[in-house]
$ cat structure.txt   # compact mmCIF, C-alpha atoms and all ligand atoms
# COMPACT_ATOMS: atom_id res chain seq x y z
CA MET J 1 26.20 -16.64 -7.67
CA GLU J 2 25.80 -13.26 -9.33
CA GLU J 3 23.08 -14.28 -11.75
CA ILE J 4 19.49 -15.19 -10.94
CA ILE J 5 19.60 -18.13 -13.40
CA LYS J 6 22.52 -20.01 -14.87
CA VAL J 7 21.73 -22.74 -17.39
CA GLU J 8 24.57 -25.13 -18.24
CA ASN J 9 24.48 -27.80 -20.96
CA LEU J 10 20.75 -28.27 -20.62
CA CYS J 11 19.37 -31.22 -22.58
CA LYS J 12 15.86 -32.56 -22.78
CA ILE J 13 15.23 -35.78 -24.67
CA PHE J 14 11.67 -37.07 -24.96
CA THR J 15 11.12 -40.81 -25.10
CA LEU J 16 7.89 -41.63 -26.88
CA HIS J 17 6.71 -44.88 -25.35
CA VAL J 18 3.77 -45.14 -27.74
CA LEU J 19 6.29 -45.17 -30.60
CA ARG J 20 8.38 -48.02 -29.17
CA GLY J 21 10.75 -45.75 -27.29
CA LYS J 22 11.50 -43.33 -30.14
CA MET J 23 13.65 -40.45 -28.87
CA ILE J 24 13.06 -36.82 -29.80
CA THR J 25 15.40 -33.99 -28.89
CA GLY J 26 13.64 -31.11 -27.19
CA CYS J 27 16.77 -29.04 -26.64
CA LYS J 28 20.46 -29.86 -26.54
CA ASN J 29 23.56 -28.33 -24.89
CA ILE J 30 21.92 -25.04 -24.00
CA SER J 31 23.96 -22.67 -21.82
CA PHE J 32 23.24 -19.08 -20.85
CA SER J 33 22.94 -16.96 -17.78
CA LEU J 34 20.57 -14.22 -16.73
CA PRO J 35 21.90 -11.39 -14.55
CA ARG J 36 19.52 -10.21 -11.87
CA GLY J 37 17.04 -7.67 -13.22
CA ALA J 38 17.95 -8.35 -16.86
CA PHE J 39 15.71 -9.30 -19.80
CA LEU J 40 16.94 -12.06 -22.11
CA GLY J 41 15.24 -12.69 -25.45
CA LEU J 42 15.26 -16.22 -26.93
CA LEU J 43 14.94 -16.42 -30.69
CA GLY J 44 15.27 -19.20 -33.22
CA PRO J 45 13.38 -21.30 -35.75
CA SER J 46 10.26 -23.27 -34.92
CA GLY J 47 11.02 -26.59 -33.24
CA VAL J 48 14.51 -25.58 -32.08
CA GLY J 49 13.55 -26.02 -28.42
CA LYS J 50 12.66 -22.55 -27.10
CA SER J 51 9.46 -23.57 -25.30
CA THR J 52 11.20 -26.70 -23.97
CA ILE J 53 13.85 -24.53 -22.28
CA LEU J 54 11.22 -22.40 -20.49
CA LYS J 55 9.30 -25.52 -19.47
CA CYS J 56 12.50 -27.02 -18.01
CA ILE J 57 13.10 -23.85 -15.98
CA TYR J 58 9.50 -23.84 -14.72
CA ARG J 59 9.91 -27.60 -14.32
CA THR J 60 6.87 -28.54 -16.36
CA TYR J 61 9.52 -30.79 -17.94
CA LEU J 62 12.21 -32.60 -15.98
CA PRO J 63 15.52 -31.99 -17.78
CA THR J 64 17.41 -35.07 -19.01
CA SER J 65 20.83 -33.61 -18.17
CA GLY J 66 22.58 -30.35 -17.42
CA PHE J 67 22.06 -27.78 -14.70
CA ILE J 68 19.64 -24.92 -14.08
CA ARG J 69 21.08 -23.01 -11.16
CA TYR J 70 18.57 -20.62 -9.64
CA LEU J 71 19.14 -18.23 -6.78
CA SER J 72 16.02 -18.25 -4.63
CA PRO J 73 15.34 -16.11 -1.55
CA SER J 74 13.38 -18.98 0.02
CA CYS J 75 15.56 -21.98 -0.95
CA GLY J 76 19.01 -20.45 -1.57
CA GLU J 77 20.92 -21.62 -4.64
CA ILE J 78 19.20 -24.67 -6.09
CA ASP J 79 19.49 -26.73 -9.26
CA LEU J 80 16.06 -26.81 -10.88
CA ALA J 81 17.14 -29.82 -12.94
CA ARG J 82 17.29 -31.81 -9.71
CA ALA J 83 15.10 -29.95 -7.23
CA SER J 84 12.41 -31.92 -5.40
CA ASP J 85 8.75 -31.37 -6.28
CA TYR J 86 8.34 -29.61 -2.94
CA GLN J 87 11.17 -27.16 -3.74
CA VAL J 88 9.70 -26.62 -7.21
CA LEU J 89 6.35 -25.66 -5.69
CA GLN J 90 8.12 -23.24 -3.38
CA VAL J 91 10.19 -21.50 -6.04
CA ARG J 92 7.22 -21.33 -8.42
CA GLN J 93 5.73 -18.80 -6.02
CA GLU J 94 8.58 -16.48 -7.02
CA MET J 95 7.97 -17.03 -10.73
CA SER J 96 5.30 -16.48 -13.35
CA TYR J 97 5.11 -18.43 -16.57
CA VAL J 98 3.01 -17.44 -19.57
CA ALA J 99 2.53 -20.38 -21.91
CA GLN J 100 2.61 -20.16 -25.71
CA PHE J 101 -0.74 -21.85 -25.99
CA LEU J 102 -3.50 -20.62 -23.77
CA ARG J 103 -5.09 -22.92 -21.29
CA ILE J 104 -8.20 -21.21 -20.10
CA ILE J 105 -10.00 -22.38 -17.01
CA PRO J 106 -13.68 -22.96 -17.85
CA ARG J 107 -16.47 -21.09 -16.04
CA VAL J 108 -14.27 -18.76 -14.01
CA PRO J 109 -14.82 -15.03 -14.67
CA ALA J 110 -11.89 -13.20 -16.25
CA ILE J 111 -11.37 -10.95 -13.23
CA ASP J 112 -11.11 -13.95 -10.87
CA ILE J 113 -8.61 -15.70 -13.13
CA VAL J 114 -6.42 -12.60 -12.93
CA ALA J 115 -6.87 -12.10 -9.16
CA GLU J 116 -6.38 -15.77 -8.20
CA ARG J 117 -2.65 -15.67 -7.52
CA LEU J 118 -3.02 -12.57 -5.34
CA TRP J 119 -5.60 -14.44 -3.26
CA GLN J 120 -3.18 -17.35 -2.94
CA GLN J 121 -0.70 -14.85 -1.54
CA GLY J 122 -3.19 -13.77 1.10
CA TRP J 123 -4.81 -10.70 -0.48
CA ALA J 124 -8.40 -9.92 0.57
CA VAL J 125 -11.01 -10.87 -2.06
CA GLU J 126 -12.12 -7.34 -2.96
CA GLU J 127 -8.60 -5.88 -2.97
CA GLY J 128 -7.47 -8.68 -5.29
CA ARG J 129 -10.37 -7.94 -7.64
CA GLN J 130 -9.64 -4.24 -7.59
CA GLN J 131 -5.99 -4.80 -8.51
CA ALA J 132 -7.07 -7.28 -11.20
CA GLY J 133 -9.41 -4.61 -12.60
CA GLU J 134 -6.52 -2.17 -12.84
CA TYR J 135 -4.42 -4.63 -14.83
CA LEU J 136 -7.35 -5.51 -17.09
CA THR J 137 -7.98 -1.82 -17.74
CA ARG J 138 -4.35 -1.19 -18.62
CA LEU J 139 -4.41 -4.15 -20.96
CA GLY J 140 -7.51 -2.82 -22.69
CA ILE J 141 -10.06 -5.41 -21.47
CA THR J 142 -13.28 -3.46 -21.00
CA ARG J 143 -15.26 -3.74 -17.76
CA LYS J 144 -18.09 -5.39 -19.67
CA LEU J 145 -15.90 -8.49 -20.10
CA TRP J 146 -14.62 -8.76 -16.53
CA ASP J 147 -17.38 -11.15 -15.41
CA ALA J 148 -17.43 -13.14 -18.65
CA TYR J 149 -15.72 -16.52 -19.09
CA PRO J 150 -12.53 -16.14 -21.17
CA VAL J 151 -13.22 -19.39 -22.99
CA THR J 152 -15.31 -17.27 -25.38
CA PHE J 153 -12.71 -14.48 -25.69
CA SER J 154 -10.71 -13.74 -28.83
CA GLY J 155 -7.13 -15.03 -29.02
CA GLY J 156 -5.67 -11.60 -28.26
CA GLU J 157 -8.05 -11.08 -25.31
CA GLN J 158 -7.12 -14.49 -23.88
CA GLN J 159 -3.44 -13.66 -24.24
CA ARG J 160 -3.95 -10.41 -22.32
CA ILE J 161 -5.83 -12.26 -19.53
CA ASN J 162 -2.92 -14.68 -19.24
CA LEU J 163 -0.44 -11.82 -19.15
CA ALA J 164 -2.44 -9.92 -16.52
CA ARG J 165 -2.54 -13.07 -14.37
CA ALA J 166 1.23 -13.50 -14.66
CA LEU J 167 2.27 -9.88 -14.19
CA ILE J 168 -0.05 -8.98 -11.33
CA THR J 169 2.10 -10.71 -8.68
CA ARG J 170 5.19 -8.76 -9.78
CA PRO J 171 7.21 -11.99 -9.84
CA ARG J 172 10.94 -12.21 -9.22
CA LEU J 173 11.39 -14.22 -12.42
CA LEU J 174 9.07 -13.99 -15.39
CA LEU J 175 9.05 -16.60 -18.19
CA LEU J 176 7.22 -15.53 -21.34
CA ASP J 177 6.53 -17.75 -24.34
CA GLU J 178 5.72 -15.44 -27.27
CA PRO J 179 3.82 -12.91 -25.14
CA THR J 180 2.89 -10.64 -28.02
CA ALA J 181 2.12 -13.25 -30.68
CA SER J 182 -1.65 -12.65 -30.96
CA LEU J 183 -1.66 -8.91 -30.26
CA ASP J 184 -2.30 -5.95 -32.53
CA ALA J 185 0.18 -3.07 -32.65
CA GLU J 186 -1.49 -1.02 -29.92
CA ASN J 187 -1.79 -3.91 -27.46
CA LYS J 188 1.75 -4.99 -28.26
CA ARG J 189 2.94 -1.52 -27.26
CA VAL J 190 0.96 -1.67 -23.99
CA VAL J 191 2.39 -5.10 -23.11
CA LEU J 192 5.97 -4.09 -23.94
CA ASN J 193 5.55 -0.99 -21.74
CA LEU J 194 4.24 -3.13 -18.87
CA LEU J 195 7.21 -5.48 -19.23
CA ALA J 196 9.65 -2.57 -19.20
CA GLU J 197 7.94 -1.27 -16.05
CA LEU J 198 8.17 -4.62 -14.31
CA LYS J 199 11.81 -4.91 -15.28
CA SER J 200 12.65 -1.52 -13.83
CA ALA J 201 10.93 -2.64 -10.61
CA GLY J 202 13.43 -5.52 -10.44
CA THR J 203 11.84 -8.49 -12.25
CA SER J 204 14.24 -10.68 -14.23
CA ILE J 205 12.71 -11.88 -17.50
CA ILE J 206 13.28 -14.54 -20.15
CA GLY J 207 11.04 -14.06 -23.18
CA ILE J 208 10.67 -16.01 -26.41
CA PHE J 209 9.98 -13.82 -29.43
CA HIS J 210 9.52 -14.41 -33.13
CA ASP J 211 9.20 -10.72 -33.66
CA LEU J 212 12.73 -9.30 -33.48
CA GLU J 213 11.45 -5.75 -33.60
CA ALA J 214 9.27 -6.28 -30.50
CA ALA J 215 12.13 -8.09 -28.73
CA ASN J 216 14.58 -5.28 -29.44
CA GLN J 217 12.36 -2.77 -27.68
CA VAL J 218 12.66 -4.51 -24.31
CA VAL J 219 15.51 -7.02 -24.08
CA ASP J 220 19.09 -6.44 -22.86
CA ASN J 221 20.46 -9.50 -24.61
CA ILE J 222 19.39 -11.97 -27.26
CA LEU J 223 20.24 -15.66 -27.49
CA VAL J 224 19.67 -17.05 -30.96
CA LEU J 225 19.19 -20.81 -30.96
CA GLU J 226 20.21 -22.61 -34.11
CA SER J 227 19.27 -26.09 -35.16
CA SER J 228 22.16 -28.31 -36.15
CA LEU J 229 21.77 -31.23 -38.51
CA ASP J 230 22.72 -34.01 -36.09
CA TRP J 231 19.97 -32.89 -33.75
CA LYS J 232 17.03 -34.73 -35.07
CA LYS J 233 18.76 -38.07 -35.51
N1 LIG J 301 6.03 -33.13 -24.69
C1 LIG J 301 6.76 -33.42 -25.77
N2 LIG J 301 6.85 -34.70 -26.21
C2 LIG J 301 7.58 -35.01 -27.31
N3 LIG J 301 8.26 -34.10 -28.03
C3 LIG J 301 8.21 -32.82 -27.63
C4 LIG J 301 7.46 -32.41 -26.49
N4 LIG J 301 7.60 -31.07 -26.34
C5 LIG J 301 8.40 -30.67 -27.34
N5 LIG J 301 8.76 -31.71 -28.13
C6 LIG J 301 9.64 -31.67 -29.31
O1 LIG J 301 10.78 -30.90 -28.98
C7 LIG J 301 11.16 -30.08 -30.09
C8 LIG J 301 11.24 -28.64 -29.62
O2 LIG J 301 9.90 -28.18 -29.35
P1 LIG J 301 9.60 -26.73 -28.76
O3 LIG J 301 8.15 -26.66 -28.51
O4 LIG J 301 10.52 -26.47 -27.61
O5 LIG J 301 10.03 -25.81 -29.99
P2 LIG J 301 9.96 -24.21 -30.15
O6 LIG J 301 11.37 -23.74 -30.44
O7 LIG J 301 9.28 -23.62 -28.98
O8 LIG J 301 9.09 -24.06 -31.47
P3 LIG J 301 7.95 -22.95 -31.87
O9 LIG J 301 8.70 -21.71 -32.29
O10 LIG J 301 7.24 -23.59 -33.01
O11 LIG J 301 7.08 -22.74 -30.67
C9 LIG J 301 10.15 -30.32 -31.18
O12 LIG J 301 10.72 -31.20 -32.13
C10 LIG J 301 8.98 -30.97 -30.48
O13 LIG J 301 8.33 -31.90 -31.30
MG MG J 302 7.44 -22.73 -28.71

$ encode --input "structure.txt" --output "structure tokens" --more "lines below"
Ligand SMILES: Nc1ncnc2c1ncn2[C@@H]1O[C@H](COP(=O)(O)OP(=O)(O)OP(=O)(O)O)[C@@H](O)[C@H]1O
Ligand SMILES: [Mg+2]
Amino acid sequence: MEEIIKVENLCKIFTLHVLRGKMITGCKNISFSLPRGAFLGLLGPSGVGKSTILKCIYRTYLPTSGFIRYLSPSCGEIDLARASDYQVLQVRQEMSYVAQFLRIIPRVPAIDIVAERLWQQGWAVEEGRQQAGEYLTRLGITRKLWDAYPVTFSGGEQQRINLARALITRPRLLLLDEPTASLDAENKRVVLNLLAELKSAGTSIIGIFHDLEAANQVVDNILVLESSLDWKK
């Protein structure tokens, strides 16, 4: 397999048990592939299934049908639509996922949230914090805030904490759900530069954007998802 990810006919149907088994389409017949080291932008109207696709790749959601072929150094070529939970945990170490909506861990200082994944990889405590400080500085989070709990941070500050936490491990595959949505122009520029840097160091990236102008500055290819009328039946 040449590509790092190959998605074929991916479908996710939600069954709402509280609504007597009502079925809702998350995404339907999605196919694309991501060459190694490339950056793919996903665009499309709200509700079309963009976040669902990323969550299927990260396996927050178990796909209903289709294939997500992923080439992993630790597991070889695996199908994330069928991989065991154990395999998923293993390949997640090669990935970072930044969610659209921020889930902030209460009562953990910002700098520790950012350093946590380095510690999981065996970094020493102080070295992890130092590296976290460098990312926070680049992302414009002042030292004064490093020991504060991000639950009180502004939306844009929280988004930058989440990004710092995801980028710091220099993952093999990066999944971004609207990474620049709450950022002002200057911070947007900083984040897009960081993404370009990571990409030139070899990270493959799938990013959802609403802002075509931001997407165009960093992506190699764009997949526009369109809703069709029979979808929501
Ligand atoms: N956990 C879930 N349970 C039930 N339905 C869901 C779930 N997650 C997503 N959906 C449904 O799947 C469809 C696609 O949702 P998704 O969040 O993927 O859209 P999106 O393209 O990311 O939209 P937006 O641009 O607004 O973020 C929506 O109709 C949504 O209601
Ligand atoms: Mg979404």

$ residues_near_ligand --input "structure.txt" --ligand "ligand LIG 301 (chain J)" --cutoff "12 Å" --atoms "all atoms listed in the file" --output "PDB file with C-alpha atoms, in the frame of the given file"
ATOM      1  CA  CYS J  11      19.370 -31.220 -22.580  1.00  0.00           C
ATOM      2  CA  LYS J  12      15.860 -32.560 -22.780  1.00  0.00           C
ATOM      3  CA  ILE J  13      15.230 -35.780 -24.670  1.00  0.00           C
ATOM      4  CA  PHE J  14      11.670 -37.070 -24.960  1.00  0.00           C
ATOM      5  CA  THR J  15      11.120 -40.810 -25.100  1.00  0.00           C
ATOM      6  CA  LEU J  16       7.890 -41.630 -26.880  1.00  0.00           C
ATOM      7  CA  HIS J  17       6.710 -44.880 -25.350  1.00  0.00           C
ATOM      8  CA  VAL J  18       3.770 -45.140 -27.740  1.00  0.00           C
ATOM      9  CA  LEU J  19       6.290 -45.170 -30.600  1.00  0.00           C
ATOM     10  CA  GLY J  21      10.750 -45.750 -27.290  1.00  0.00           C
ATOM     11  CA  LYS J  22      11.500 -43.330 -30.140  1.00  0.00           C
ATOM     12  CA  MET J  23      13.650 -40.450 -28.870  1.00  0.00           C
ATOM     13  CA  ILE J  24      13.060 -36.820 -29.800  1.00  0.00           C
ATOM     14  CA  THR J  25      15.400 -33.990 -28.890  1.00  0.00           C
ATOM     15  CA  GLY J  26      13.640 -31.110 -27.190  1.00  0.00           C
ATOM     16  CA  CYS J  27      16.770 -29.040 -26.640  1.00  0.00           C
ATOM     17  CA  LYS J  28      20.460 -29.860 -26.540  1.00  0.00           C
ATOM     18  CA  LEU J  42      15.260 -16.220 -26.930  1.00  0.00           C
ATOM     19  CA  LEU J  43      14.940 -16.420 -30.690  1.00  0.00           C
ATOM     20  CA  GLY J  44      15.270 -19.200 -33.220  1.00  0.00           C
ATOM     21  CA  PRO J  45      13.380 -21.300 -35.750  1.00  0.00           C
ATOM     22  CA  SER J  46      10.260 -23.270 -34.920  1.00  0.00           C
ATOM     23  CA  GLY J  47      11.020 -26.590 -33.240  1.00  0.00           C
ATOM     24  CA  VAL J  48      14.510 -25.580 -32.080  1.00  0.00           C
ATOM     25  CA  GLY J  49      13.550 -26.020 -28.420  1.00  0.00           C
ATOM     26  CA  LYS J  50      12.660 -22.550 -27.100  1.00  0.00           C
ATOM     27  CA  SER J  51       9.460 -23.570 -25.300  1.00  0.00           C
ATOM     28  CA  THR J  52      11.200 -26.700 -23.970  1.00  0.00           C
ATOM     29  CA  ILE J  53      13.850 -24.530 -22.280  1.00  0.00           C
ATOM     30  CA  LEU J  54      11.220 -22.400 -20.490  1.00  0.00           C
ATOM     31  CA  LYS J  55       9.300 -25.520 -19.470  1.00  0.00           C
ATOM     32  CA  CYS J  56      12.500 -27.020 -18.010  1.00  0.00           C
ATOM     33  CA  THR J  60       6.870 -28.540 -16.360  1.00  0.00           C
ATOM     34  CA  TYR J  61       9.520 -30.790 -17.940  1.00  0.00           C
ATOM     35  CA  LEU J  62      12.210 -32.600 -15.980  1.00  0.00           C
ATOM     36  CA  PRO J  63      15.520 -31.990 -17.780  1.00  0.00           C
ATOM     37  CA  ALA J  99       2.530 -20.380 -21.910  1.00  0.00           C
ATOM     38  CA  GLN J 100       2.610 -20.160 -25.710  1.00  0.00           C
ATOM     39  CA  PHE J 101      -0.740 -21.850 -25.990  1.00  0.00           C
ATOM     40  CA  LEU J 176       7.220 -15.530 -21.340  1.00  0.00           C
ATOM     41  CA  ASP J 177       6.530 -17.750 -24.340  1.00  0.00           C
ATOM     42  CA  GLU J 178       5.720 -15.440 -27.270  1.00  0.00           C
ATOM     43  CA  PRO J 179       3.820 -12.910 -25.140  1.00  0.00           C
ATOM     44  CA  ALA J 181       2.120 -13.250 -30.680  1.00  0.00           C
ATOM     45  CA  GLY J 207      11.040 -14.060 -23.180  1.00  0.00           C
ATOM     46  CA  ILE J 208      10.670 -16.010 -26.410  1.00  0.00           C
ATOM     47  CA  PHE J 209       9.980 -13.820 -29.430  1.00  0.00           C
ATOM     48  CA  HIS J 210       9.520 -14.410 -33.130  1.00  0.00           C
ATOM     49  CA  ASP J 211       9.200 -10.720 -33.660  1.00  0.00           C
ATOM     50  CA  VAL J 224      19.670 -17.050 -30.960  1.00  0.00           C
ATOM     51  CA  LEU J 225      19.190 -20.810 -30.960  1.00  0.00           C
ATOM     52  CA  GLU J 226      20.210 -22.610 -34.110  1.00  0.00           C
ATOM     53  CA  SER J 227      19.270 -26.090 -35.160  1.00  0.00           C
ATOM     54  CA  TRP J 231      19.970 -32.890 -33.750  1.00  0.00           C
ATOM     55  CA  LYS J 232      17.030 -34.730 -35.070  1.00  0.00           C
ATOM     56  CA  LYS J 233      18.760 -38.070 -35.510  1.00  0.00           C
TER      57      LYS J 233
END

$ residues_around --input "structure.txt" --residues "Asp79 of chain J" --least-positions-apart "4" --cutoff "12 Å" --atoms "all atoms listed in the file" --output "short mmCIF file (atom, residue, chain, number, x, y, z; two decimals) with C-alpha atoms, in the coordinates of the input"
data_model
loop_
_atom_site.label_atom_id
_atom_site.label_comp_id
_atom_site.auth_asym_id
_atom_site.auth_seq_id
_atom_site.Cartn_x
_atom_site.Cartn_y
_atom_site.Cartn_z
CA ILE J 4 19.49 -15.19 -10.94
CA ILE J 5 19.60 -18.13 -13.40
CA LYS J 6 22.52 -20.01 -14.87
CA VAL J 7 21.73 -22.74 -17.39
CA GLU J 8 24.57 -25.13 -18.24
CA LEU J 10 20.75 -28.27 -20.62
CA CYS J 56 12.50 -27.02 -18.01
CA ILE J 57 13.10 -23.85 -15.98
CA TYR J 58 9.50 -23.84 -14.72
CA ARG J 59 9.91 -27.60 -14.32
CA LEU J 62 12.21 -32.60 -15.98
CA PRO J 63 15.52 -31.99 -17.78
CA SER J 65 20.83 -33.61 -18.17
CA GLY J 66 22.58 -30.35 -17.42
CA PHE J 67 22.06 -27.78 -14.70
CA ILE J 68 19.64 -24.92 -14.08
CA ARG J 69 21.08 -23.01 -11.16
CA TYR J 70 18.57 -20.62 -9.64
CA LEU J 71 19.14 -18.23 -6.78
CA SER J 72 16.02 -18.25 -4.63
CA CYS J 75 15.56 -21.98 -0.95
CA ALA J 83 15.10 -29.95 -7.23
CA SER J 84 12.41 -31.92 -5.40
CA GLN J 87 11.17 -27.16 -3.74
CA VAL J 88 9.70 -26.62 -7.21
CA VAL J 91 10.19 -21.50 -6.04
#

$ residues_near_point --input "structure.txt" --point "(20.2, -11.3, -9.7)" --cutoff "12 Å" --atoms "all atoms listed in the file" --output "count of residues only"
26

$ atom_distance --input "structure.txt" --atom1 "atom CA of Val108 of chain J" --atom2 "atom CA of Val151 of chain J"
9.1 Å

$ atom_distance --input "structure.txt" --atom1 "atom MG of ligand MG 302 (chain J)" --atom2 "atom CA of Ala132 of chain J"
27.5 Å

$ atom_distance --input "structure.txt" --atom1 "atom CA of Ala201 of chain J" --atom2 "atom CA of Leu80 of chain J"
24.7 Å

$ closest_residue --input "structure.txt" --among "J:Ile206, J:Leu175, J:Ala215, J:Val125" --to "Leu192 of chain J" --atoms "only C-alpha atoms"
J:Ala215

$ residues_around --input "structure.txt" --residues "segment 137-141 of chain J" --least-positions-apart "6" --cutoff "9 Å" --atoms "all atoms listed in the file" --output "PyMOL selection string"
chain J and resi 157+160-161+163-164+187+190-191+194

$ closest_residue --input "structure.txt" --among "J:Ile104, J:Glu213, J:Val98, J:Ala185" --to "ligand MG 302 (chain J)" --atoms "all atoms listed in the file"
J:Val98

$ build_atoms --input "structure.txt" --residues "segment 42-50 of chain J" --atoms "all heavy atoms" --output "compact mmCIF listing (two decimals), keeping the file's coordinate frame"
# COMPACT_ATOMS: atom_id res chain seq x y z
N LEU J 42 14.88 -14.97 -26.25
CA LEU J 42 15.26 -16.22 -26.93
C LEU J 42 14.62 -16.21 -28.31
O LEU J 42 13.41 -16.03 -28.44
CB LEU J 42 14.72 -17.45 -26.18
CG LEU J 42 15.29 -17.78 -24.80
CD1 LEU J 42 14.68 -19.09 -24.28
CD2 LEU J 42 16.79 -17.89 -24.84
N LEU J 43 15.45 -16.39 -29.33
CA LEU J 43 14.94 -16.42 -30.69
C LEU J 43 15.46 -17.66 -31.41
O LEU J 43 16.48 -18.22 -31.00
CB LEU J 43 15.39 -15.18 -31.46
CG LEU J 43 14.52 -13.93 -31.32
CD1 LEU J 43 14.96 -13.09 -30.15
CD2 LEU J 43 14.55 -13.10 -32.58
N GLY J 44 14.80 -18.04 -32.47
CA GLY J 44 15.27 -19.20 -33.22
C GLY J 44 14.11 -19.84 -33.95
O GLY J 44 12.95 -19.57 -33.64
N PRO J 45 14.43 -20.71 -34.92
CA PRO J 45 13.38 -21.30 -35.75
C PRO J 45 12.43 -22.20 -34.96
O PRO J 45 12.79 -22.69 -33.89
CB PRO J 45 14.16 -22.11 -36.79
CG PRO J 45 15.51 -22.30 -36.22
CD PRO J 45 15.77 -21.16 -35.29
N SER J 46 11.28 -22.41 -35.53
CA SER J 46 10.26 -23.27 -34.92
C SER J 46 10.82 -24.68 -34.71
O SER J 46 11.48 -25.22 -35.58
CB SER J 46 9.06 -23.31 -35.86
OG SER J 46 8.07 -24.13 -35.32
N GLY J 47 10.58 -25.23 -33.53
CA GLY J 47 11.02 -26.59 -33.24
C GLY J 47 12.43 -26.69 -32.68
O GLY J 47 12.91 -27.78 -32.36
N VAL J 48 13.11 -25.55 -32.53
CA VAL J 48 14.51 -25.58 -32.08
C VAL J 48 14.63 -25.86 -30.57
O VAL J 48 15.69 -26.23 -30.08
CB VAL J 48 15.23 -24.27 -32.49
CG1 VAL J 48 14.88 -23.12 -31.56
CG2 VAL J 48 16.72 -24.44 -32.59
N GLY J 49 13.51 -25.67 -29.85
CA GLY J 49 13.55 -26.02 -28.42
C GLY J 49 13.33 -24.86 -27.46
O GLY J 49 13.57 -24.99 -26.26
N LYS J 50 12.83 -23.74 -27.96
CA LYS J 50 12.66 -22.55 -27.10
C LYS J 50 11.66 -22.81 -25.97
O LYS J 50 11.95 -22.55 -24.79
CB LYS J 50 12.19 -21.36 -27.96
CG LYS J 50 13.12 -21.04 -29.12
CD LYS J 50 12.63 -19.88 -29.96
CE LYS J 50 11.29 -20.09 -30.65
NZ LYS J 50 11.27 -21.19 -31.65
